Amino acid sequence: MSGRGAAGASSAPAAADQRPPAGRPPVDRRPRHSLRDRLRRDWPLLAMTAPAAALLLVFHYLPTLGNVIAFQDYNPFVGDDPIEAFLYSEWIGFGNFEALFRDPLFWDAVRNTLTITAFQLVFFFPLPIMLAILLNSLVSGRVRGFVQSVVYLPHFFSWVLVVTFFVQMLGGAGLLAQEMRQAGLQPWDIMTNPDTFIVLVTAEAVWKDIGWGAIVFLAALAAIDQNLYEAAAADGANRWRRLWHITLPGLRPVIVLLLIMRLGDALSVGFEQFILQREAVGREAAEVLDTFVYYQAISTQQWGLGAAAGLFKAAVGLVLILAANHVAHRLGEQGVYSKS
Amino acid sequence: MPGTLAKGAVLTALVAAVLVPLWAVLVTSLASRKTIDAAGGMVMVPREIDPSAYITIFSGGQITQAVWISTLVTVLGTTVSLVLTVLAAYGLSRPGSVGHRGLLFFFLLTFLIFPGLVPSYLVVTGLGLKDSIWSLILPSAISVFNLVVIRAFFMNVPGELLDSARIDGAGEFHILVRIMLPLSKAVVAVVGLFYAVGYWNAYFNAVLYIDDNDKFPIQRVLQSYILAGQSPNVSGAAVSLPGVTAYPPTLAVKMAVVVVTVVPAVIVYPFVQRHFTKGVITGAVKG
């Protein structure tokens with residue numbers, strides 16, 4: 001999500017500046033006004049922007065700056081409210097980070113997070129691409145429309161609902177176990193088994209988002225020139241060769257873009273999904289970086305340590321996305337934002 | 001042809017994976033105790049329609065209250081989000097206006113730097129929003145992504161249209177309401193529906209900021225009732241209908257809560273779906 005935003009971030013101002021004269025007078029040709037005149041002209045625009053800007057200031061930028069409590073021994077009880085507590089809490093430099101990097105639970109969380117990211121790159125990432133190619137190959141528009149309507153739907157369900165559906169279908173008291181018991185088989189409970197947890201969360205993610213993920217690939221497929229397929233078929237290329245030489249190259253920019261975004265986001269594997277299931281399968285399997293931050297800070301009140309883990313994650317994430325983008329440019333791809 | 005057969009099998013499996021759970025939940029929520037006992041749990045084949053589970057959850061008590069809270073948060077939140085997003089999208093749609101570049105940068109920078117969970121929690125509680133439904137609305141009220149999408153539509157409106165309105169003496173607010181909004185109805189509607197789905201589905205903010213059971217949204221109640229297995233305080237005693245006087249089976253009540261949680265998403269979905277391939281996505285790409 002953030003990566004897609006960054007794409008908009010860079011292209012939006014560019015589009016604004018390159019507006020042809022027909023649309024609106026270009027900025028430079030406007031007569032120069034004094035700031036006071038321009039303010040008199042533009043104050044309604046500023047007033048309209050102000051409320052949203054104020055919300056971002058308070059609920060986005062203020063907490064971003066608030067990350068400095070990672071360098072404090074933050075204690076909420078030294079003041080009457082969090083702001084006062086912040087002012088009176090002791091500054092301890094990198095103490096929280098030292099404690100964090102010595103904490104085996106933290107490294108467990110890092111390892112789980114990276115393992116899940118790697119697993120999902122192999123077993124989740126390619127599926128929406130395959131689904132898009134499959135849907136695109138359907139001749140009947142009605143079948144295609146019906147399948148699309150159904151598989152997009154779970155994207156609009158909350159994680160609580162998704163997990164609930166899995167419990168009711170595959171859990172110990174769910175439909176599958178019930179049918180197996182009636183057939184005289186020993187049911188298993190995948191919902192509480194830590195060893196298969198990684199498969200479970202990936203299956204849930206696939207169920208929720210395979211259809212939604214396919215949309216962007218369908219758009220890319222629609223942009224491929226159909227004449228290429230006819231020409232290739234006339235030259236005797238079979239279905240697999242057309243897939244390999246036309247379809248996949250056509251999808252390549254989108255695949256690379258999404259891959260970069262996923263790698264830049266390697267330390268995030270979803271939050272609610274793991275919080276919801278941590279009790280059922282236990283910490284060893286389900287603790288990821290985001291849940292670690294939550295349990296350190298808000299459950300066990302180690303605020304500084306939690307903030308340090310959060311800041312570590314944000315900093316590494318920023319480095320990862322910039323690095324992944326740099327590699328993409330080197331490979332001659334467009335990347336998340338254009339090289340200018 | 002085996003290829004077609006394999007395709008059919010894959011697509012059937014995908015469609016079934018979505019529809020079978022929905023069907024099982026719906027049928028079980030409407031099943032009587034006898035049917036549920038006979039099936040040994042989840043019911044796949046409807047035998048009769050017994051609405052007592054729904055009567056129970058809507059006759060007062062925690063679930064009724066949670067549905068009300070979630071509805072309030074969704075309506076209030078969507079209104080706040082949509083109004084402020086549209087206003088700011090318009091305010092930022094005129095290159096060359098005072099502070100345009102700086103303000104745009106201020107909004108777009110939110111894509112690259114993030115507040116941590118801990119400082120966000122401290123800010124929200126520090127503002128005294130703990131146990132207020134505003135804690136479920138204000139921190140997530142502005143989606144800059146949605147703002148960029150709407151702004152892109154506003155910037156595509158031909159400048160001549162605006163200039164002629166301005167010559168006629170129309171103010172900015174007048175231009176926004178009379179010209180811009182009618183021209184971008186579809187995208188504004190879709191963004192509003194996305195906001196609404198987001199508010200209805202939000203779960204974790206309630207874990208952080210709401211301790212008072214009477215202010216739990218529906219997702220929070222669904223979690224504690226079904227996933228954590230606590231029984232909610234359902235005030236409805238025995239349901240008395242002509243011919244039926246019994247407590248509805250627990251499983252049916254649980255599944256009825258699931259249905260109530262799903263329904264808004266399913267109602268909203270066709271309206272969003274009609275637009276999201278042509279409207280929002282192309283708008284976002286054009287940026």
# chains A, B, ... in the order shown; residues from 1 in each chain; ligands from 1
call {"tool": "residues_around", "arguments": {"residues": "range 62-79 of chain B", "least_positions_apart": "4", "cutoff": "9 Å", "atoms": "only C-alpha atoms", "output": "ChimeraX atom specification"}}
result
/B:57-58,83-84,133-134,136-138,141,192-201,213-222,232-235,257,260-261
call {"tool": "residues_around", "arguments": {"residues": "Val319 in chain A", "least_positions_apart": "4", "cutoff": "12 Å", "atoms": "only C-alpha atoms", "output": "list in words"}}
result
Leu263, Gly264, Asp265, Ala266, Leu267, Phe312, Lys313, Ala314, Ala315, Ala323, Ala324, Asn325 and His326 of chain A; Leu112 and Ile113 of chain B
call {"tool": "write_last_selection", "arguments": {"atoms": "N, CA and C atoms", "output": "PDB file, in the first residue's frame"}}
result
ATOM      1  N   LEU A 263       9.459  -6.629  -1.160  1.00  0.00           N
ATOM      2  CA  LEU A 263      10.758  -6.720  -0.501  1.00  0.00           C
ATOM      3  C   LEU A 263      10.988  -5.521   0.420  1.00  0.00           C
ATOM      4  N   GLY A 264      10.568  -4.350  -0.038  1.00  0.00           N
ATOM      5  CA  GLY A 264      10.706  -3.176   0.807  1.00  0.00           C
ATOM      6  C   GLY A 264       9.880  -3.300   2.071  1.00  0.00           C
ATOM      7  N   ASP A 265       8.847  -4.107   2.006  1.00  0.00           N
ATOM      8  CA  ASP A 265       7.940  -4.308   3.123  1.00  0.00           C
ATOM      9  C   ASP A 265       8.213  -5.641   3.823  1.00  0.00           C
ATOM     10  N   ALA A 266       9.452  -6.152   3.659  1.00  0.00           N
ATOM     11  CA  ALA A 266       9.745  -7.515   4.124  1.00  0.00           C
ATOM     12  C   ALA A 266       9.512  -7.702   5.616  1.00  0.00           C
ATOM     13  N   LEU A 267       9.593  -6.605   6.378  1.00  0.00           N
ATOM     14  CA  LEU A 267       9.430  -6.735   7.830  1.00  0.00           C
ATOM     15  C   LEU A 267       7.972  -6.628   8.269  1.00  0.00           C
ATOM     16  N   PHE A 312      13.308   0.573  14.737  1.00  0.00           N
ATOM     17  CA  PHE A 312      14.204  -0.325  14.001  1.00  0.00           C
ATOM     18  C   PHE A 312      13.512  -0.834  12.749  1.00  0.00           C
ATOM     19  N   LYS A 313      12.265  -1.259  12.902  1.00  0.00           N
ATOM     20  CA  LYS A 313      11.518  -1.800  11.770  1.00  0.00           C
ATOM     21  C   LYS A 313      11.310  -0.722  10.703  1.00  0.00           C
ATOM     22  N   ALA A 314      10.933   0.484  11.122  1.00  0.00           N
ATOM     23  CA  ALA A 314      10.682   1.556  10.157  1.00  0.00           C
ATOM     24  C   ALA A 314      11.964   1.922   9.409  1.00  0.00           C
ATOM     25  N   ALA A 315      13.078   2.007  10.134  1.00  0.00           N
ATOM     26  CA  ALA A 315      14.339   2.402   9.510  1.00  0.00           C
ATOM     27  C   ALA A 315      14.803   1.341   8.514  1.00  0.00           C
ATOM     28  N   ALA A 323      16.780   0.507  -1.383  1.00  0.00           N
ATOM     29  CA  ALA A 323      17.744  -0.403  -1.987  1.00  0.00           C
ATOM     30  C   ALA A 323      17.101  -1.215  -3.116  1.00  0.00           C
ATOM     31  N   ALA A 324      15.902  -1.749  -2.847  1.00  0.00           N
ATOM     32  CA  ALA A 324      15.222  -2.552  -3.861  1.00  0.00           C
ATOM     33  C   ALA A 324      14.965  -1.716  -5.113  1.00  0.00           C
ATOM     34  N   ASN A 325      14.600  -0.463  -4.895  1.00  0.00           N
ATOM     35  CA  ASN A 325      14.337   0.415  -6.017  1.00  0.00           C
ATOM     36  C   ASN A 325      15.607   0.705  -6.821  1.00  0.00           C
ATOM     37  N   HIS A 326      16.715   0.861  -6.106  1.00  0.00           N
ATOM     38  CA  HIS A 326      17.992   1.096  -6.763  1.00  0.00           C
ATOM     39  C   HIS A 326      18.356  -0.089  -7.657  1.00  0.00           C
TER      40      HIS A 326
ATOM     41  N   LEU B 112       6.150   7.697   3.072  1.00  0.00           N
ATOM     42  CA  LEU B 112       7.501   7.185   3.310  1.00  0.00           C
ATOM     43  C   LEU B 112       7.851   7.041   4.784  1.00  0.00           C
ATOM     44  N   ILE B 113       7.320   7.915   5.619  1.00  0.00           N
ATOM     45  CA  ILE B 113       7.647   7.781   7.043  1.00  0.00           C
ATOM     46  C   ILE B 113       6.384   7.484   7.836  1.00  0.00           C
TER      47      ILE B 113
END
call {"tool": "select_by_dssp", "arguments": {"residues": "range 83-231 of chain A", "states": "alpha helix (DSSP H)", "output": "compact mmCIF listing (two decimals) with C-alpha atoms, in the first residue's frame"}}
result
# COMPACT_ATOMS: atom_id res chain seq x y z
CA ILE A 83 3.22 14.53 27.09
CA GLU A 84 4.30 15.40 30.60
CA ALA A 85 5.67 11.88 31.10
CA PHE A 86 7.69 12.37 27.92
CA LEU A 87 9.14 15.63 29.22
CA TYR A 88 10.16 14.12 32.55
CA GLY A 95 20.15 1.76 25.86
CA ASN A 96 16.84 0.46 24.54
CA PHE A 97 18.46 -0.70 21.33
CA GLU A 98 21.19 -2.51 23.22
CA ALA A 99 18.58 -4.28 25.34
CA LEU A 100 16.55 -5.02 22.21
CA PHE A 101 19.44 -6.58 20.30
CA ARG A 102 20.29 -8.75 23.32
CA PRO A 104 16.27 -13.46 22.12
CA LEU A 105 12.51 -12.88 21.82
CA PHE A 106 13.22 -9.98 19.46
CA TRP A 107 15.38 -12.17 17.20
CA ASP A 108 12.66 -14.86 17.30
CA ALA A 109 10.22 -12.25 16.02
CA VAL A 110 12.65 -11.09 13.29
CA ARG A 111 13.26 -14.68 12.22
CA ASN A 112 9.54 -15.52 12.11
CA THR A 113 8.82 -12.37 10.12
CA LEU A 114 11.52 -13.04 7.51
CA THR A 115 10.59 -16.74 7.25
CA ILE A 116 6.95 -15.86 6.61
CA THR A 117 7.92 -13.21 4.05
CA ALA A 118 10.13 -15.69 2.19
CA PHE A 119 7.50 -18.43 2.34
CA GLN A 120 4.81 -16.10 1.00
CA LEU A 121 7.06 -14.84 -1.79
CA VAL A 122 7.18 -18.42 -3.07
CA PHE A 123 3.69 -19.65 -2.22
CA PRO A 126 2.87 -16.03 -7.96
CA LEU A 127 -0.74 -17.09 -7.39
CA PRO A 128 -2.51 -13.84 -8.39
CA ILE A 129 -0.38 -13.80 -11.56
CA MET A 130 -1.49 -17.34 -12.41
CA LEU A 131 -5.10 -16.48 -11.62
CA ALA A 132 -4.96 -13.41 -13.86
CA ILE A 133 -3.52 -15.44 -16.76
CA LEU A 134 -6.17 -18.10 -16.20
CA LEU A 135 -9.02 -15.56 -16.09
CA ASN A 136 -7.64 -13.78 -19.13
CA GLY A 141 -17.11 -13.07 -20.54
CA ARG A 142 -19.97 -14.13 -18.27
CA VAL A 143 -18.04 -16.95 -16.60
CA ARG A 144 -15.11 -14.63 -16.17
CA GLY A 145 -17.25 -11.88 -14.65
CA PHE A 146 -18.88 -14.32 -12.24
CA VAL A 147 -15.58 -15.81 -11.08
CA GLN A 148 -14.10 -12.34 -10.64
CA SER A 149 -17.07 -11.12 -8.57
CA VAL A 150 -16.75 -14.12 -6.25
CA VAL A 151 -12.99 -14.15 -5.75
CA TYR A 152 -12.70 -10.39 -5.15
CA TRP A 159 -9.29 -10.23 9.40
CA VAL A 160 -11.55 -11.16 12.29
CA LEU A 161 -14.04 -12.53 9.77
CA VAL A 162 -11.40 -14.33 7.71
CA VAL A 163 -10.02 -16.10 10.78
CA THR A 164 -13.57 -16.89 11.93
CA PHE A 165 -14.38 -18.51 8.59
CA PHE A 166 -11.22 -20.62 8.82
CA VAL A 167 -12.06 -21.68 12.37
CA GLN A 168 -15.60 -22.65 11.41
CA MET A 169 -14.44 -24.57 8.35
CA LEU A 170 -11.08 -26.11 9.34
CA LEU A 175 -17.10 -28.40 9.23
CA LEU A 176 -14.12 -30.45 8.04
CA ALA A 177 -13.45 -32.03 11.45
CA GLN A 178 -17.15 -32.77 11.83
CA GLU A 179 -17.29 -34.53 8.45
CA MET A 180 -14.12 -36.47 9.17
CA ARG A 181 -15.45 -37.63 12.53
CA GLN A 182 -18.62 -38.85 10.87
CA PHE A 197 1.02 -22.10 11.21
CA ILE A 198 3.00 -20.65 8.32
CA VAL A 199 0.88 -22.64 5.87
CA LEU A 200 -2.29 -21.53 7.64
CA VAL A 201 -1.52 -17.80 7.52
CA THR A 202 -0.50 -18.08 3.88
CA ALA A 203 -3.72 -19.94 3.04
CA GLU A 204 -5.71 -17.20 4.79
CA ALA A 205 -3.85 -14.48 2.91
CA VAL A 206 -4.46 -16.31 -0.38
CA TRP A 207 -8.15 -16.76 0.40
CA LYS A 208 -8.56 -13.08 1.23
CA ASP A 209 -6.47 -11.47 -1.49
CA ILE A 210 -5.77 -13.73 -4.47
CA GLY A 211 -8.58 -12.13 -6.46
CA TRP A 212 -7.77 -8.59 -5.42
CA GLY A 213 -4.11 -9.15 -6.23
CA ALA A 214 -5.02 -10.38 -9.71
CA ILE A 215 -6.71 -7.08 -10.71
CA VAL A 216 -3.49 -5.23 -11.44
CA PHE A 217 -2.16 -8.15 -13.53
CA LEU A 218 -5.43 -8.33 -15.47
CA ALA A 219 -5.03 -4.65 -16.34
CA ALA A 220 -1.47 -5.33 -17.56
CA LEU A 221 -2.66 -8.32 -19.61
CA ALA A 222 -5.36 -6.21 -21.28
CA GLN A 226 -3.27 -9.06 -29.31
CA ASN A 227 -1.58 -9.04 -32.74
CA LEU A 228 1.56 -10.42 -31.11
CA TYR A 229 -0.34 -13.59 -30.19
CA GLU A 230 -1.74 -14.00 -33.69
CA ALA A 231 1.64 -13.44 -35.29
call {"tool": "atom_distance", "arguments": {"atom1": "CA of Leu183 in chain B", "atom2": "CA of Leu162 in chain B"}}
result
12.1 Å
call {"tool": "select_by_dssp", "arguments": {"residues": "range 37-245 of chain A", "states": "strand (DSSP E or B)", "output": "list in words"}}
result
Gln72, Asp73, Glu90 and Trp91 of chain A
call {"tool": "write_last_selection", "arguments": {"atoms": "C-alpha atoms", "output": "PDB file, in the first residue's frame"}}
result
ATOM      1  CA  GLN A  72      14.214   7.355  26.557  1.00  0.00           C
ATOM      2  CA  ASP A  73      13.496   5.239  29.563  1.00  0.00           C
ATOM      3  CA  GLU A  90      15.117  10.057  31.352  1.00  0.00           C
ATOM      4  CA  TRP A  91      17.162  10.065  28.115  1.00  0.00           C
TER       5      TRP A  91
END
call {"tool": "closest_residue", "arguments": {"among": "B:Ala88, B:Leu129, B:Leu104, B:Val177", "to": "chain A", "atoms": "only C-alpha atoms"}}
result
B:Ala88
